$ cat start_30.cif   # mmCIF, C-alpha atoms
data_run
#
loop_
_atom_site.group_PDB
_atom_site.id
_atom_site.type_symbol
_atom_site.label_atom_id
_atom_site.label_comp_id
_atom_site.auth_asym_id
_atom_site.auth_seq_id
_atom_site.Cartn_x
_atom_site.Cartn_y
_atom_site.Cartn_z
ATOM 1 C CA MET A 1 -47.212 51.658 24.239
ATOM 2 C CA VAL A 2 -43.619 52.846 23.939
ATOM 3 C CA THR A 3 -42.620 49.520 22.462
ATOM 4 C CA GLY A 4 -45.352 49.832 19.834
ATOM 5 C CA VAL A 5 -44.220 53.321 18.855
ATOM 6 C CA VAL A 6 -40.635 52.140 18.533
ATOM 7 C CA LEU A 7 -41.690 49.282 16.273
ATOM 8 C CA VAL A 8 -43.660 51.644 14.029
ATOM 9 C CA ILE A 9 -40.676 53.982 13.758
ATOM 10 C CA LEU A 10 -38.385 51.080 12.921
ATOM 11 C CA ALA A 11 -40.801 49.827 10.272
ATOM 12 C CA LEU A 12 -40.942 53.254 8.659
ATOM 13 C CA ALA A 13 -37.165 53.510 8.721
ATOM 14 C CA VAL A 14 -36.788 50.143 7.018
ATOM 15 C CA SER A 15 -39.384 51.115 4.408
ATOM 16 C CA LEU A 16 -37.620 54.385 3.627
ATOM 17 C CA PHE A 17 -34.245 52.660 3.460
ATOM 18 C CA CYS A 18 -35.500 50.064 0.979
ATOM 19 C CA ARG A 19 -37.140 52.691 -1.191
ATOM 20 C CA ARG A 20 -33.987 54.791 -1.228
ATOM 21 C CA ASP A 21 -31.892 51.754 -2.122
ATOM 22 C CA VAL A 22 -34.125 50.822 -5.076
ATOM 23 C CA THR A 23 -33.975 54.299 -6.567
ATOM 24 C CA ASN A 24 -30.238 54.706 -6.096
ATOM 25 C CA PRO A 25 -28.561 54.033 -9.488
ATOM 26 C CA ALA A 26 -25.503 52.669 -7.706
ATOM 27 C CA SER A 27 -27.643 49.905 -6.191
ATOM 28 C CA VAL A 28 -28.861 48.650 -9.571
ATOM 29 C CA LYS A 29 -26.785 45.923 -11.153
ATOM 30 C CA ALA A 30 -24.953 47.009 -14.309
ATOM 31 C CA LEU A 31 -25.845 45.595 -17.707
ATOM 32 C CA ARG A 32 -22.689 43.783 -18.764
ATOM 33 C CA VAL A 33 -21.990 43.242 -22.465
ATOM 34 C CA LEU A 34 -18.974 41.824 -24.283
ATOM 35 C CA PHE A 35 -18.408 42.740 -27.950
ATOM 36 C CA VAL A 36 -16.464 40.326 -30.169
ATOM 37 C CA GLY A 37 -15.868 41.586 -33.686
ATOM 38 C CA ASN A 38 -13.661 43.690 -35.919
ATOM 39 C CA SER A 39 -13.376 47.276 -37.120
ATOM 40 C CA LEU A 40 -17.111 47.445 -37.882
ATOM 41 C CA THR A 41 -17.546 47.310 -34.101
ATOM 42 C CA SER A 42 -14.596 49.490 -33.105
ATOM 43 C CA SER A 43 -15.216 52.248 -35.680
ATOM 44 C CA ASN A 44 -16.451 55.400 -33.947
ATOM 45 C CA ASP A 45 -16.340 53.440 -30.665
ATOM 46 C CA LEU A 46 -19.767 51.855 -31.049
ATOM 47 C CA PRO A 47 -19.874 50.234 -27.573
ATOM 48 C CA ALA A 48 -19.161 53.631 -26.008
ATOM 49 C CA ILE A 49 -22.070 55.135 -27.978
ATOM 50 C CA VAL A 50 -24.408 52.602 -26.371
ATOM 51 C CA GLU A 51 -22.854 53.436 -23.001
ATOM 52 C CA ALA A 52 -23.442 57.154 -23.558
ATOM 53 C CA LEU A 53 -27.067 56.612 -24.620
ATOM 54 C CA ALA A 54 -27.684 54.623 -21.448
ATOM 55 C CA ALA A 55 -26.037 57.248 -19.249
ATOM 56 C CA ALA A 56 -27.864 60.141 -20.908
ATOM 57 C CA THR A 57 -31.246 58.526 -20.294
ATOM 58 C CA GLY A 58 -30.679 57.264 -16.749
ATOM 59 C CA GLN A 59 -30.628 53.551 -17.578
ATOM 60 C CA ARG A 60 -28.714 50.819 -15.799
ATOM 61 C CA THR A 61 -24.985 51.354 -16.119
ATOM 62 C CA PHE A 62 -23.686 49.866 -19.365
ATOM 63 C CA ALA A 63 -20.502 47.993 -18.491
ATOM 64 C CA TYR A 64 -18.701 46.548 -21.485
ATOM 65 C CA GLU A 65 -15.531 45.109 -22.896
ATOM 66 C CA SER A 66 -14.670 45.038 -26.592
ATOM 67 C CA ILE A 67 -12.405 42.569 -28.369
ATOM 68 C CA ALA A 68 -12.444 43.986 -31.897
ATOM 69 C CA LEU A 69 -9.462 43.393 -34.165
ATOM 70 C CA PRO A 70 -9.060 44.569 -37.791
ATOM 71 C CA ASP A 71 -10.234 42.079 -40.428
ATOM 72 C CA PHE A 72 -11.010 39.412 -37.825
ATOM 73 C CA SER A 73 -13.711 36.834 -38.432
ATOM 74 C CA LEU A 74 -15.300 34.803 -35.662
ATOM 75 C CA GLU A 75 -13.067 31.926 -36.730
ATOM 76 C CA ASP A 76 -10.019 34.146 -36.147
ATOM 77 C CA HIS A 77 -11.291 35.064 -32.691
ATOM 78 C CA TRP A 78 -11.927 31.411 -31.921
ATOM 79 C CA THR A 79 -8.393 30.488 -32.914
ATOM 80 C CA LYS A 80 -6.826 33.351 -30.940
ATOM 81 C CA LYS A 81 -8.835 32.351 -27.823
ATOM 82 C CA ASP A 82 -8.854 35.787 -26.156
ATOM 83 C CA ALA A 83 -12.613 36.016 -26.621
ATOM 84 C CA GLN A 84 -13.232 32.656 -24.958
ATOM 85 C CA LYS A 85 -11.082 33.719 -21.992
ATOM 86 C CA ALA A 86 -13.063 36.942 -21.644
ATOM 87 C CA ILE A 87 -16.355 35.052 -21.830
ATOM 88 C CA MET A 88 -15.346 32.669 -19.062
ATOM 89 C CA THR A 89 -13.658 35.133 -16.713
ATOM 90 C CA ALA A 90 -16.484 37.648 -16.319
ATOM 91 C CA LYS A 91 -20.251 37.495 -15.922
ATOM 92 C CA TRP A 92 -21.806 38.878 -19.127
ATOM 93 C CA ASP A 93 -25.505 39.407 -19.713
ATOM 94 C CA SER A 94 -24.944 39.341 -23.483
ATOM 95 C CA VAL A 95 -22.045 38.678 -25.823
ATOM 96 C CA VAL A 96 -22.339 40.420 -29.201
ATOM 97 C CA LEU A 97 -20.792 38.507 -32.109
ATOM 98 C CA GLN A 98 -19.864 40.226 -35.365
ATOM 99 C CA GLN A 99 -17.867 39.303 -38.435
ATOM 100 C CA GLY A 100 -17.875 40.582 -42.017
ATOM 101 C CA PRO A 101 -20.943 40.735 -44.289
ATOM 102 C CA SER A 102 -20.980 36.931 -44.726
ATOM 103 C CA ALA A 103 -23.421 37.057 -47.636
ATOM 104 C CA SER A 104 -21.669 34.312 -49.608
ATOM 105 C CA LYS A 105 -22.368 30.635 -49.071
ATOM 106 C CA GLY A 106 -18.960 30.115 -47.495
ATOM 107 C CA GLY A 107 -19.215 33.209 -45.322
ATOM 108 C CA ARG A 108 -22.643 32.163 -44.068
ATOM 109 C CA ALA A 109 -21.375 28.677 -43.216
ATOM 110 C CA LEU A 110 -18.509 30.107 -41.165
ATOM 111 C CA LEU A 111 -20.788 32.588 -39.412
ATOM 112 C CA LEU A 112 -23.171 29.787 -38.454
ATOM 113 C CA GLU A 113 -20.430 27.404 -37.331
ATOM 114 C CA TYR A 114 -18.563 29.853 -35.121
ATOM 115 C CA SER A 115 -21.695 31.499 -33.771
ATOM 116 C CA ARG A 116 -22.687 28.034 -32.537
ATOM 117 C CA ARG A 117 -19.263 27.415 -31.020
ATOM 118 C CA PHE A 118 -19.223 30.736 -29.229
ATOM 119 C CA ALA A 119 -22.851 30.352 -28.141
ATOM 120 C CA GLU A 120 -21.990 27.170 -26.236
ATOM 121 C CA GLU A 121 -19.299 29.044 -24.296
ATOM 122 C CA ILE A 122 -21.541 32.057 -23.729
ATOM 123 C CA ARG A 123 -24.419 30.020 -22.328
ATOM 124 C CA ARG A 124 -22.077 27.931 -20.201
ATOM 125 C CA ALA A 125 -20.958 31.195 -18.611
ATOM 126 C CA GLY A 126 -24.556 32.317 -18.050
ATOM 127 C CA GLY A 127 -24.948 34.858 -20.877
ATOM 128 C CA ARG A 128 -26.986 35.137 -24.061
ATOM 129 C CA PRO A 129 -25.435 35.417 -27.533
ATOM 130 C CA ALA A 130 -26.374 38.279 -29.840
ATOM 131 C CA LEU A 131 -25.568 38.793 -33.523
ATOM 132 C CA TYR A 132 -24.635 42.250 -34.778
ATOM 133 C CA MET A 133 -25.983 42.256 -38.338
ATOM 134 C CA VAL A 134 -23.696 44.426 -40.452
ATOM 135 C CA TRP A 135 -23.860 45.436 -44.139
ATOM 136 C CA PRO A 136 -22.024 44.936 -47.453
ATOM 137 C CA ALA A 137 -19.595 47.377 -49.034
ATOM 138 C CA ALA A 138 -21.091 50.181 -51.102
ATOM 139 C CA SER A 139 -19.799 48.410 -54.209
ATOM 140 C CA ARG A 140 -21.912 45.347 -53.350
ATOM 141 C CA MET A 141 -25.286 46.817 -52.467
ATOM 142 C CA ASP A 142 -27.063 43.783 -53.912
ATOM 143 C CA ASP A 143 -25.670 41.739 -51.018
ATOM 144 C CA PHE A 144 -27.804 43.437 -48.362
ATOM 145 C CA LYS A 145 -30.442 40.710 -48.501
ATOM 146 C CA GLY A 146 -27.821 37.978 -48.199
ATOM 147 C CA VAL A 147 -26.142 39.679 -45.234
ATOM 148 C CA SER A 148 -29.437 40.007 -43.400
ATOM 149 C CA GLU A 149 -30.338 36.393 -44.069
ATOM 150 C CA SER A 150 -26.955 35.132 -42.847
ATOM 151 C CA TYR A 151 -27.210 36.965 -39.548
ATOM 152 C CA ARG A 152 -30.871 36.081 -39.120
ATOM 153 C CA GLN A 153 -30.038 32.407 -39.553
ATOM 154 C CA ALA A 154 -27.111 32.629 -37.138
ATOM 155 C CA ALA A 155 -29.242 34.282 -34.440
ATOM 156 C CA GLU A 156 -31.965 31.688 -34.931
ATOM 157 C CA ALA A 157 -29.459 28.826 -34.796
ATOM 158 C CA VAL A 158 -28.163 29.909 -31.379
ATOM 159 C CA ASP A 159 -31.496 31.260 -30.073
ATOM 160 C CA GLY A 160 -29.836 34.628 -29.674
ATOM 161 C CA LEU A 161 -30.680 38.257 -30.197
ATOM 162 C CA VAL A 162 -30.133 39.894 -33.550
ATOM 163 C CA PHE A 163 -29.312 43.582 -33.919
ATOM 164 C CA PRO A 164 -30.467 44.397 -37.491
ATOM 165 C CA VAL A 165 -28.196 47.346 -38.182
ATOM 166 C CA GLY A 166 -27.863 46.625 -41.898
ATOM 167 C CA GLU A 167 -31.637 46.716 -42.246
ATOM 168 C CA ALA A 168 -31.732 49.967 -40.287
ATOM 169 C CA LEU A 169 -29.339 51.495 -42.836
ATOM 170 C CA LEU A 170 -31.739 50.519 -45.621
ATOM 171 C CA ASN A 171 -34.641 52.037 -43.694
ATOM 172 C CA ALA A 172 -32.764 55.314 -43.329
ATOM 173 C CA TRP A 173 -32.044 55.432 -47.051
ATOM 174 C CA LYS A 174 -35.731 54.888 -47.782
ATOM 175 C CA SER A 175 -36.336 58.222 -46.073
ATOM 176 C CA ASP A 176 -33.380 60.003 -47.651
ATOM 177 C CA THR A 177 -30.992 58.416 -50.142
ATOM 178 C CA SER A 178 -28.451 61.179 -49.556
ATOM 179 C CA ILE A 179 -27.696 60.219 -45.940
ATOM 180 C CA ALA A 180 -23.989 59.418 -45.655
ATOM 181 C CA LEU A 181 -23.821 56.100 -43.829
ATOM 182 C CA TYR A 182 -20.536 54.874 -45.288
ATOM 183 C CA SER A 183 -17.212 56.437 -44.428
ATOM 184 C CA GLY A 184 -14.747 57.407 -47.134
ATOM 185 C CA ASP A 185 -13.655 53.830 -47.851
ATOM 186 C CA GLY A 186 -17.183 52.776 -48.848
ATOM 187 C CA PHE A 187 -17.409 50.073 -46.207
ATOM 188 C CA HIS A 188 -16.827 51.258 -42.654
ATOM 189 C CA PRO A 189 -19.610 53.194 -40.920
ATOM 190 C CA SER A 190 -19.844 56.950 -40.821
ATOM 191 C CA THR A 191 -20.481 58.540 -37.442
ATOM 192 C CA ALA A 192 -24.190 58.642 -38.301
ATOM 193 C CA ALA A 193 -24.168 54.915 -39.087
ATOM 194 C CA SER A 194 -22.465 54.062 -35.790
ATOM 195 C CA TYR A 195 -25.002 56.229 -33.973
ATOM 196 C CA LEU A 196 -27.729 54.291 -35.802
ATOM 197 C CA ALA A 197 -26.132 51.001 -34.742
ATOM 198 C CA GLY A 198 -26.050 52.255 -31.172
ATOM 199 C CA LEU A 199 -29.762 53.037 -31.337
ATOM 200 C CA VAL A 200 -30.591 49.543 -32.584
ATOM 201 C CA ILE A 201 -28.562 47.877 -29.843
ATOM 202 C CA PHE A 202 -29.753 50.229 -27.111
ATOM 203 C CA GLU A 203 -33.426 49.610 -27.871
ATOM 204 C CA GLN A 204 -33.132 45.862 -27.554
ATOM 205 C CA LEU A 205 -30.848 45.768 -24.529
ATOM 206 C CA TYR A 206 -32.844 48.324 -22.550
ATOM 207 C CA ASP A 207 -36.319 47.668 -24.008
ATOM 208 C CA ARG A 208 -36.818 51.367 -24.695
ATOM 209 C CA SER A 209 -37.766 53.060 -27.947
ATOM 210 C CA PRO A 210 -34.880 54.930 -29.595
ATOM 211 C CA VAL A 211 -37.227 57.694 -30.740
ATOM 212 C CA GLY A 212 -36.452 60.836 -28.806
ATOM 213 C CA LEU A 213 -33.006 59.759 -27.610
ATOM 214 C CA PRO A 214 -30.268 62.409 -27.429
ATOM 215 C CA SER A 215 -28.505 63.237 -30.691
ATOM 216 C CA ARG A 216 -25.507 64.801 -28.961
ATOM 217 C CA LEU A 217 -23.390 62.546 -26.815
ATOM 218 C CA ARG A 218 -20.059 62.759 -25.024
ATOM 219 C CA LEU A 219 -18.270 59.430 -24.878
ATOM 220 C CA ALA A 220 -16.194 58.298 -21.935
ATOM 221 C CA SER A 221 -13.077 59.008 -24.016
ATOM 222 C CA GLY A 222 -14.113 62.640 -24.315
ATOM 223 C CA ALA A 223 -15.057 62.293 -27.983
ATOM 224 C CA LYS A 224 -18.312 63.902 -29.077
ATOM 225 C CA ILE A 225 -21.082 62.483 -31.248
ATOM 226 C CA GLU A 226 -23.184 65.252 -32.766
ATOM 227 C CA ILE A 227 -26.015 64.324 -35.128
ATOM 228 C CA ALA A 228 -28.234 67.022 -36.627
ATOM 229 C CA ALA A 229 -31.680 66.953 -34.997
ATOM 230 C CA ASP A 230 -33.601 66.254 -38.217
ATOM 231 C CA LEU A 231 -31.222 63.459 -39.195
ATOM 232 C CA ALA A 232 -31.416 61.960 -35.706
ATOM 233 C CA VAL A 233 -35.195 61.633 -36.049
ATOM 234 C CA VAL A 234 -34.788 59.707 -39.315
ATOM 235 C CA LEU A 235 -32.162 57.411 -37.793
ATOM 236 C CA GLN A 236 -34.187 56.779 -34.647
ATOM 237 C CA ARG A 237 -37.244 55.752 -36.652
ATOM 238 C CA ALA A 238 -35.107 53.616 -38.949
ATOM 239 C CA ALA A 239 -33.692 51.772 -35.932
ATOM 240 C CA GLN A 240 -37.113 51.274 -34.404
ATOM 241 C CA ASP A 241 -38.609 49.925 -37.639
ATOM 242 C CA ALA A 242 -35.724 47.489 -38.148
ATOM 243 C CA ASN A 243 -36.099 46.140 -34.620
ATOM 244 C CA ARG A 244 -39.846 45.761 -35.041
ATOM 245 C CA GLU A 245 -39.292 43.582 -38.104
ATOM 246 C CA PHE A 246 -36.266 41.537 -37.028
ATOM 247 C CA LYS A 247 -36.279 41.494 -33.227
ATOM 248 C CA ARG A 248 -36.244 37.980 -31.784
ATOM 249 C CA PRO A 249 -37.973 37.042 -28.514
#

$ encode --input "start_30.cif" --output "C-alpha cells"
Amino acid sequence: MVTGVVLVILALAVSLFCRRDVTNPASVKALRVLFVGNSLTSSNDLPAIVEALAAATGQRTFAYESIALPDFSLEDHWTKKDAQKAIMTAKWDSVVLQQGPSASKGGRALLLEYSRRFAEEIRRAGGRPALYMVWPAASRMDDFKGVSESYRQAAEAVDGLVFPVGEALLNAWKSDTSIALYSGDGFHPSTAASYLAGLVIFEQLYDRSPVGLPSRLRLASGAKIEIAADLAVVLQRAAQDANREFKRP
C-alpha cells in the first residue's frame, strides 16, 4: 500500500513538473531569424520592432542577427561573404533577404539569381528563406506593381516566405492618403512604415493577427516606438490584408 501511494505521488510530481516546464517561457525554444539587407531593413531598427512585438505579446523569444549595409544588394552581400558565414555558423529558422525595389528587368534578374544562391545555403543550414518585399521611391510610385511582382517571383522561385510590406503601404494609403510612410528623403521608411513592416513580419512568423497589437513599444536599445492609436488600427489592418493576399504556404 505504501509503495502504491509513493508511486502516485511520484506520478503527480512528474506531471506537475512537465506542465510547469511547458509553460515556462525560458523552456520554449527561441525563434531565430537572420536579416540580410540594407538600410531599408536597418532604418528604425526593424528587427528590434519585431522583437518588441513578440515580447509585448508573450510569444517565443525573437532572437535575431542583422547584416544590413547601406546601398547593398544581395549580390554585394554574396560577394562580401559575411552573410554566408552567418547562415552557416548559427541555426536560423528563417533568413530574410532584402535588396532595393528591383522593379526593373535587370533588378528582378539579380534578385532572382541571388535569392536562389542564398536559398541553397539557407536550406543547407536547415532554415527557410524569406523575401522582404520593399517599395519604390516616392518619385517612382508607378513601380509598386513591378516591385511586388519581383519579390513575389523570388519567393516563389525559392519556395520561401514573402513579407508584402510594399503592398501593406498601399493598403494603408487606401484608408488615408495622408499617412506619412516615407521619411524625409522620399525613400526610406518613416517610423510608422517600419512599424507596419514589423506587423507584416510578426504575423507570418508567429501566425498571429496583427490587429490589436501594441502601438507603443520599447526596443532593446531603449528607443521608443509610439504610434497613435487610430493610426495603429489602420496599419494593423493594412498588414493583415496584405498578408491575406500575398502570404505563401

$ residues_around --input "start_30.cif" --residues "A:Glu113" --least-positions-apart "3" --cutoff "12 Å" --atoms "all atoms listed in the file" --output "list in words"
Ser73, Leu74, Glu75, Trp78, Gly106, Gly107, Arg108, Ala109, Leu110, Arg116, Arg117, Phe118, Ala119, Glu120, Ser150, Tyr151, Gln153, Ala154, Ala155, Ala157 and Val158 of chain A

$ closest_residue --input "start_30.cif" --among "A:Gly58, A:Gly37, A:Pro214, A:Gly222" --to "A:Met133" --atoms "only C-alpha atoms"
A:Gly37

$ closest_residue --input "start_30.cif" --among "A:Val165, A:Ala55, A:Leu111, A:Val147" --to "A:Leu219" --atoms "all atoms listed in the file"
A:Ala55

$ closest_residue --input "start_30.cif" --among "A:Leu161, A:Ile227, A:Ala137, A:Val200" --to "A:Pro47" --atoms "only C-alpha atoms"
A:Val200

$ resolve_selection --input "start_30.cif" --expression "the PyMOL selection byres ((chain A and resi 125) around 12)" --output "list of chain:residue names"
A:Gln84, A:Lys85, A:Ala86, A:Ile87, A:Met88, A:Thr89, A:Ala90, A:Lys91, A:Trp92, A:Asp93, A:Ser94, A:Val95, A:Phe118, A:Ala119, A:Glu120, A:Glu121, A:Ile122, A:Arg123, A:Arg124, A:Gly126, A:Gly127, A:Arg128, A:Pro129

$ residues_around --input "start_30.cif" --residues "A:Ala138" --least-positions-apart "4" --cutoff "8 Å" --atoms "all atoms listed in the file" --output "list in words"
Tyr182, Gly186 and Phe187 of chain A

$ atom_distance --input "start_30.cif" --atom1 "atom CA of A:Lys174" --atom2 "atom CA of A:Val233"
13.5 Å

$ closest_residue --input "start_30.cif" --among "A:Val234, A:Ile225, A:Asp159, A:Ala103" --to "A:Ser190" --atoms "only C-alpha atoms"
A:Ile225

$ residues_around --input "start_30.cif" --residues "A:Asn38" --least-positions-apart "6" --cutoff "9 Å" --atoms "all atoms listed in the file" --output "mmCIF file with C-alpha atoms, in the frame of the given file"
data_model
loop_
_atom_site.group_PDB
_atom_site.id
_atom_site.type_symbol
_atom_site.label_atom_id
_atom_site.label_comp_id
_atom_site.auth_asym_id
_atom_site.auth_seq_id
_atom_site.Cartn_x
_atom_site.Cartn_y
_atom_site.Cartn_z
ATOM 1 C CA ILE A 67 -12.405 42.569 -28.369
ATOM 2 C CA ALA A 68 -12.444 43.986 -31.897
ATOM 3 C CA LEU A 69 -9.462 43.393 -34.165
ATOM 4 C CA PRO A 70 -9.060 44.569 -37.791
ATOM 5 C CA ASP A 71 -10.234 42.079 -40.428
ATOM 6 C CA PHE A 72 -11.010 39.412 -37.825
ATOM 7 C CA SER A 73 -13.711 36.834 -38.432
ATOM 8 C CA GLN A 98 -19.864 40.226 -35.365
ATOM 9 C CA GLN A 99 -17.867 39.303 -38.435
ATOM 10 C CA GLY A 100 -17.875 40.582 -42.017
#

$ atom_distance --input "start_30.cif" --atom1 "atom CA of A:Ala239" --atom2 "atom CA of A:Leu46"
14.8 Å

$ atom_distance --input "start_30.cif" --atom1 "atom CA of A:Leu235" --atom2 "atom CA of A:Leu112"
29.1 Å

$ residues_near_point --input "start_30.cif" --point "(-32.0, 56.2, -34.7)" --cutoff "9 Å" --atoms "all atoms listed in the file" --output "PDB file with C-alpha atoms, in the frame of the given file"
ATOM      1  CA  ALA A 168     -31.732  49.967 -40.287  1.00  0.00           C
ATOM      2  CA  ALA A 172     -32.764  55.314 -43.329  1.00  0.00           C
ATOM      3  CA  ALA A 192     -24.190  58.642 -38.301  1.00  0.00           C
ATOM      4  CA  TYR A 195     -25.002  56.229 -33.973  1.00  0.00           C
ATOM      5  CA  LEU A 196     -27.729  54.291 -35.802  1.00  0.00           C
ATOM      6  CA  ALA A 197     -26.132  51.001 -34.742  1.00  0.00           C
ATOM      7  CA  GLY A 198     -26.050  52.255 -31.172  1.00  0.00           C
ATOM      8  CA  LEU A 199     -29.762  53.037 -31.337  1.00  0.00           C
ATOM      9  CA  VAL A 200     -30.591  49.543 -32.584  1.00  0.00           C
ATOM     10  CA  PRO A 210     -34.880  54.930 -29.595  1.00  0.00           C
ATOM     11  CA  VAL A 211     -37.227  57.694 -30.740  1.00  0.00           C
ATOM     12  CA  GLY A 212     -36.452  60.836 -28.806  1.00  0.00           C
ATOM     13  CA  LEU A 213     -33.006  59.759 -27.610  1.00  0.00           C
ATOM     14  CA  SER A 215     -28.505  63.237 -30.691  1.00  0.00           C
ATOM     15  CA  LEU A 231     -31.222  63.459 -39.195  1.00  0.00           C
ATOM     16  CA  ALA A 232     -31.416  61.960 -35.706  1.00  0.00           C
ATOM     17  CA  VAL A 233     -35.195  61.633 -36.049  1.00  0.00           C
ATOM     18  CA  VAL A 234     -34.788  59.707 -39.315  1.00  0.00           C
ATOM     19  CA  LEU A 235     -32.162  57.411 -37.793  1.00  0.00           C
ATOM     20  CA  GLN A 236     -34.187  56.779 -34.647  1.00  0.00           C
ATOM     21  CA  ARG A 237     -37.244  55.752 -36.652  1.00  0.00           C
ATOM     22  CA  ALA A 238     -35.107  53.616 -38.949  1.00  0.00           C
ATOM     23  CA  ALA A 239     -33.692  51.772 -35.932  1.00  0.00           C
ATOM     24  CA  GLN A 240     -37.113  51.274 -34.404  1.00  0.00           C
TER      25      GLN A 240
END

$ residues_around --input "start_30.cif" --residues "A:Glu65" --least-positions-apart "4" --cutoff "9 Å" --atoms "all atoms listed in the file" --output "NGL selection string"
:A and (32-36 or 47 or 86)

$ write_last_selection --input "start_30.cif" --atoms "C-alpha atoms" --output "PDB file, keeping the file's coordinate frame"
ATOM      1  CA  ARG A  32     -22.689  43.783 -18.764  1.00  0.00           C
ATOM      2  CA  VAL A  33     -21.990  43.242 -22.465  1.00  0.00           C
ATOM      3  CA  LEU A  34     -18.974  41.824 -24.283  1.00  0.00           C
ATOM      4  CA  PHE A  35     -18.408  42.740 -27.950  1.00  0.00           C
ATOM      5  CA  VAL A  36     -16.464  40.326 -30.169  1.00  0.00           C
ATOM      6  CA  PRO A  47     -19.874  50.234 -27.573  1.00  0.00           C
ATOM      7  CA  ALA A  86     -13.063  36.942 -21.644  1.00  0.00           C
TER       8      ALA A  86
END

$ residues_around --input "start_30.cif" --residues "A:Pro164" --least-positions-apart "4" --cutoff "8 Å" --atoms "all atoms listed in the file" --output "NGL selection string"
:A and (132-134 or 148 or 168 or 200 or 242-243 or 246-247)

$ closest_residue --input "start_30.cif" --among "A:Asp142, A:Ser194, A:Gly160, A:Ala220" --to "A:Asn44" --atoms "all atoms listed in the file"
A:Ser194

$ decode --input "start_30.cif" --residues "stretch 140-153 of chain A" --atoms "N, CA and C atoms" --output "compact mmCIF listing (two decimals), in the first residue's frame"
# COMPACT_ATOMS: atom_id res chain seq x y z
N ARG A 140 8.77 57.40 -57.82
CA ARG A 140 8.54 56.32 -58.78
C ARG A 140 7.36 55.44 -58.32
N MET A 141 6.29 56.08 -57.97
CA MET A 141 5.14 55.35 -57.43
C MET A 141 4.58 54.31 -58.41
N ASP A 142 4.77 54.55 -59.70
CA ASP A 142 4.26 53.60 -60.70
C ASP A 142 4.99 52.26 -60.65
N ASP A 143 6.09 52.20 -59.91
CA ASP A 143 6.87 50.97 -59.84
C ASP A 143 6.37 49.99 -58.78
N PHE A 144 5.37 50.37 -58.02
CA PHE A 144 4.90 49.49 -56.94
C PHE A 144 4.56 48.10 -57.47
N LYS A 145 3.83 48.05 -58.57
CA LYS A 145 3.42 46.75 -59.12
C LYS A 145 4.63 45.92 -59.50
N GLY A 146 5.63 46.56 -60.11
CA GLY A 146 6.83 45.84 -60.52
C GLY A 146 7.63 45.33 -59.33
N VAL A 147 7.71 46.13 -58.27
CA VAL A 147 8.41 45.69 -57.05
C VAL A 147 7.73 44.46 -56.47
N SER A 148 6.42 44.52 -56.34
CA SER A 148 5.68 43.40 -55.78
C SER A 148 5.87 42.14 -56.61
N GLU A 149 5.84 42.29 -57.92
CA GLU A 149 5.98 41.13 -58.79
C GLU A 149 7.38 40.53 -58.68
N SER A 150 8.39 41.38 -58.58
CA SER A 150 9.77 40.88 -58.46
C SER A 150 9.94 40.05 -57.20
N TYR A 151 9.45 40.56 -56.09
CA TYR A 151 9.61 39.83 -54.83
C TYR A 151 8.71 38.60 -54.77
N ARG A 152 7.54 38.68 -55.38
CA ARG A 152 6.67 37.51 -55.43
C ARG A 152 7.35 36.39 -56.21
N GLN A 153 7.94 36.74 -57.35
CA GLN A 153 8.62 35.74 -58.17
C GLN A 153 9.81 35.14 -57.43
